[in-house]
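Novice: One structure, as structure tokens, below. Some questions next.
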Amino acid sequence: MDTEQKLSVLGNAAKYDICASTAAPNKRPADQNYIGSNAAAGICHSYTPDGRCVSLLKVLMTNSCKNNCKYCVNRASNDFERSSFEPEELAQLFMELYRRNYLEGIFLTSGVQKSTAYTMERMIQTLEILRFKYNYRGYAHLKALPHAPANLIERGAQLADRMSVNLESPNPDRLKLIAGEKNFMLDLVEPINVIQKQISKGLLRSGQTTQFVVGAAGETDAELLRTTSWLYKKKNMKRVYFSAFIPTGDTPMSEARPVPLLREHRLYQADWLMRFYYYSIDDMVLQKDQNLSLEIDPKMAYALKNYETFPLEVNSAPFKFLLKVPGIGPTAARRIYRARKDNRLTSLNELKNMGVVVKRAKPFILLNGRAQGNIRNIMTVKQLELFCSSTARPAYLDEPLLLT
Ligand code: SF4
């Protein structure tokens with residue numbers, strides 16, 4: 001196989017790894033003796049028709065793997081052509097594409113060929129060639145393979161901007177069902193701990209990320225979100241990615257069905273609420289099956305479930321409560337907070353100009369004492385049955401103001 005063919009095979013095989021966010025820090029600015037910079041431009045993104053990010057040279061070192069994770073096309077039992085890059089070959093290929101301006105960074109991942117240590121050595125060698133032979137100082141994301149030894153993670157952290165370990169499942173029991181060879185704590189959480197230590201030393205300025213295969217092990221959204229919340233709070237995870245499981249014809253899971261992309265979307269919405277809107281895991285409204293509703297988004301579900309706490313007066317509601325109003329995001333909430341210091345807000349037009357999605361927000365707000373809509377008018381009969389049993393006043397209404 002020539003290099004171009006390898007790129008086609010190993011680039012395509014890497015498409016299941018998600019790497020959409022960048023956050024390249026101001027760490028290695030441009031310099032005439034070096035090539036590239038991860039400071040000014042960060043990473044640009046483009047998306048494939050199925051919505052996956054392909055902005056970096058996202059490629060596998062090898063698609064050979066000794067493991068047999070059921071959900072993975074690269075598993076050992078899958079009968080297809082295997083291929084590998086040599087470290088120098090991959091580094092050279094990357095630099096050719098980089099110089100032609102085709103890409104702005106590299107995301108290097110891999111199957112486990114022979115052993116984790118063997119494969120990670122080769123991945124690290126590739127980055128070393130890029131950094132020290134070609135003086136490349138742009139963005140690099142290095143995957144830590146399951147059971148990655150601490151010394152290799154430490155070396156990787158000296159070279160990369162970001163590292164990641166794919167948890168795939170939210171807990172040990174679920175992981176056992178789809179990846180019997182992996183130990184959740186030893187093989188996956190332990191490398192996350194080692195990466196966290198490197199970040200605390202000032203390395204890996206773009207942090208670490210992880211990914212779940214949603215629905216492969218029959219896990220619920222409640223399980224996924226609990227672990228996600230734990231990762232953000234305890235492991236300082238920069239991002240958690242969700243990838244809806246889509247079995248192929250030869251996936252060895254007879255019961256497996258494709259997971260709707262809308263489920264993946266709802267999980268991202270819930271994740272967003274936890275990271276930027278001050279929602280806790282307990283604020284997530286789950287259905288009887290412990291999943292988020294596919295019909296309405298998690299923010300609207302929260303507002304409908306807690307309808308008795310609305311409408312909120314836009315001119316006096318604390319910042320944190322404004323964020324609970326559907327149609328008001330962090331930017332609009334900040335603008336409202338600043339504007340009302342000078343003048344009372346009296347019209348929906350003013351809110352619209354501040355970025356509020358007025359149509360969504362209307363039933364949940366008072367504007368200068370006047371109601372703008374009726375929550376019950378937007379609830380379907382099904383939603384009334386589901387949400388109207390809740391009468392408790394949420395604790396957050398009695399908490400002190402968080403932001404000024
Ligand atoms: S270890 Fe990684 S590449 Fe290998 S089968 Fe499992 S998920 Fe696939």
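Ordering of the structure tokens sets the chain letters (A, B, ...), residue numbers begin anew at 1 in every chain, and ligands are numbered from 1 in the order given.
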Return as a list in words the residues of protein, DNA or RNA that approach ligand 1 to within 9 Å, with only C-alpha atoms and all ligand atoms taken into account.
Specialist: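 Residues satisfying the distance criterion: Thr62, Asn63, Ser64, Cys65, Lys66, Asn67, Asn68, Cys69, Lys70, Tyr71, Cys72, Val73, Asn74, Arg75, Ala76, Ser77, Thr109, Ser110, Gly111, Val112, Gln113, Leu145, Pro146, Asn166, Glu168, Ala179, Glu181 and Lys182 of chain A.
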Novice: Taking the backbone alone, and naming residues the way the document does, which bits of segment 31-193 of chain A are helix (DSSP H, G or I) by DSSP, as JSON, numbers by chain?
Specialist: {"A": [87, 88, 89, 90, 91, 92, 93, 94, 95, 96, 97, 98, 99, 116, 117, 118, 119, 120, 121, 122, 123, 124, 125, 126, 127, 128, 129, 130, 131, 132, 133, 150, 151, 152, 153, 154, 155, 156, 157, 158, 159, 172, 173, 174, 175, 176, 177, 178, 184, 185, 186, 187, 188, 189, 190, 191, 192, 193]}
Novice: Excluding segment 274-285 of chain A and its own-chain neighbours fewer than 2 positions away, which residues fall within 9 Å of it when counting only C-alpha atoms? Please give them as a short mmCIF file (atom, residue, chain, number, x, y, z; two decimals) with C-alpha atoms, in the first residue's frame.
Specialist:
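Dumped to part-v3.cif:
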```cif
data_model
loop_
_atom_site.label_atom_id
_atom_site.label_comp_id
_atom_site.auth_asym_id
_atom_site.auth_seq_id
_atom_site.Cartn_x
_atom_site.Cartn_y
_atom_site.Cartn_z
CA ALA A 222 -28.88 9.07 33.30
CA LEU A 225 -24.77 12.19 32.34
CA ARG A 226 -23.81 11.09 35.86
CA SER A 229 -20.82 15.35 35.49
CA TYR A 232 -16.13 17.63 34.67
CA GLN A 269 -27.63 19.91 24.99
CA ALA A 270 -27.63 18.51 28.53
CA ASP A 271 -23.82 18.65 28.63
CA TRP A 272 -23.98 22.29 27.51
CA GLN A 287 -38.32 9.98 31.49
CA GLN A 290 -34.06 7.19 32.54
CA ASN A 291 -33.42 8.83 29.19
CA LEU A 292 -33.84 12.44 28.12
CA SER A 293 -36.93 13.22 26.09
CA PRO A 298 -33.59 19.42 28.24
CA LYS A 299 -33.88 23.14 29.00
CA ALA A 301 -38.18 20.07 29.83
CA TYR A 302 -36.73 21.61 32.99
CA LYS A 305 -41.38 20.53 34.92
CA LYS A 320 -28.41 32.32 37.28
CA LEU A 323 -30.34 31.20 32.35
CA LYS A 324 -33.19 28.84 33.25
CA GLY A 329 -28.53 31.97 26.75
CA PRO A 330 -25.44 33.19 28.61
#
```
Novice: For a quick check of understanding, using only C-alpha atoms, which of A:Phe85, A:Ala361, A:Glu313, A:Asp173 has the smallest distance to Thr346 of chain A?
Specialist: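 Of A:Phe85, A:Ala361, A:Glu313, A:Asp173, the one nearest Thr346 of chain A is A:Glu313, counting only C-alpha atoms.
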Novice: Residues near Arg155 of chain A, anyone? I mean within 8 Å using only C-alpha atoms, not counting same-chain ones fewer than 4 positions away, as a ChimeraX atom specification.
Specialist: /A:124,151,159
Novice: With N, CA and C atoms retained, write the just-selected residues as a PDB file, in the first residue's frame.
Specialist:
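Printed below is part24.pdb as written:
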```
ATOM      1  N   ILE A 124       4.256   8.402  19.663  1.00  0.00           N
ATOM      2  CA  ILE A 124       5.091   9.453  20.264  1.00  0.00           C
ATOM      3  C   ILE A 124       6.276   9.785  19.366  1.00  0.00           C
ATOM      4  N   ASN A 151       4.702   6.446  32.041  1.00  0.00           N
ATOM      5  CA  ASN A 151       5.870   7.145  31.458  1.00  0.00           C
ATOM      6  C   ASN A 151       5.609   7.584  30.018  1.00  0.00           C
ATOM      7  N   LEU A 159       4.716  16.668  24.338  1.00  0.00           N
ATOM      8  CA  LEU A 159       4.685  16.937  22.892  1.00  0.00           C
ATOM      9  C   LEU A 159       3.345  17.447  22.389  1.00  0.00           C
TER      10      LEU A 159
END
```
Novice: Hey, which of A:Val59, A:Ala333, A:Met163, A:Ile153 ends up closest to Val357 of chain A? Count only C-alpha atoms.
Specialist: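 Of all the options, A:Ala333 lies closest to Val357 of chain A.
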Novice: Among segment 64-284 of chain A, which ones does DSSP place in strand (DSSP E or B), written as JSON, numbers by chain?
Specialist: {"A": [84, 105, 106, 107, 108, 109, 136, 139, 140, 141, 142, 143, 162, 163, 164, 168, 208, 209, 210, 211, 212, 213, 214, 239, 240, 241, 242, 243, 244]}
Novice: Using Å and a single decimal, report how far atom CA of Glu89 of chain A sits from atom CA of Val194 of chain A.
Specialist: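 Distance reported for this atom pair: 29.3 Å.
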Novice: Between A:Ile336, A:Asn101, A:Tyr139, A:Asp17, which residue has the minimum interatomic distance to Val213 of chain A, considering only C-alpha atoms?
Specialist: A:Asp17
Novice: Measuring atom to atom with only C-alpha atoms, identify which of A:Ile192, A:Leu177, A:Met253, A:Leu224 is nearest to Leu267 of chain A.
Specialist: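 Closest residue, counting only C-alpha atoms: A:Leu224.
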Novice: As a list in words, please: the residues near Phe107 of chain A (cut-off 8 Å, only C-alpha atoms, same-chain neighbours under 5 positions excluded).
Specialist: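 The residues that qualify are Cys19, Leu56, Leu57, Lys58, Val59, Ala140, His141, Leu142 and Lys143 of chain A.
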Novice: Based on the selection just made, write C-alpha atoms of those residues as an mmCIF file, in the first residue's frame.
Specialist:
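out_0.cif was written with the following content:
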```
data_model
loop_
_atom_site.group_PDB
_atom_site.id
_atom_site.type_symbol
_atom_site.label_atom_id
_atom_site.label_comp_id
_atom_site.auth_asym_id
_atom_site.auth_seq_id
_atom_site.Cartn_x
_atom_site.Cartn_y
_atom_site.Cartn_z
ATOM 1 C CA CYS A 19 -12.367 16.018 18.110
ATOM 2 C CA LEU A 56 -7.351 18.122 11.660
ATOM 3 C CA LEU A 57 -5.389 15.392 9.977
ATOM 4 C CA LYS A 58 -7.293 12.796 11.950
ATOM 5 C CA VAL A 59 -5.611 9.510 11.334
ATOM 6 C CA ALA A 140 -1.392 18.140 18.160
ATOM 7 C CA HIS A 141 -3.929 15.902 19.877
ATOM 8 C CA LEU A 142 -2.617 12.524 21.007
ATOM 9 C CA LYS A 143 -4.861 9.638 21.954
#
```
Novice: Would you mind listing what lies within 7 Å of Leu345 of chain A as number ranges by chain, with only C-alpha atoms counted and same-chain residues fewer than 3 positions away left out?
Specialist: A: 315, 340, 367-368
Novice: Which neighbours of Phe184 of chain A fall inside 8 Å, counting only C-alpha atoms, when residues of the same chain fewer than 3 positions from it are skipped, and could you give them as a PyMOL selection string?
Specialist: chain A and resi 167+171-172+175+187-189
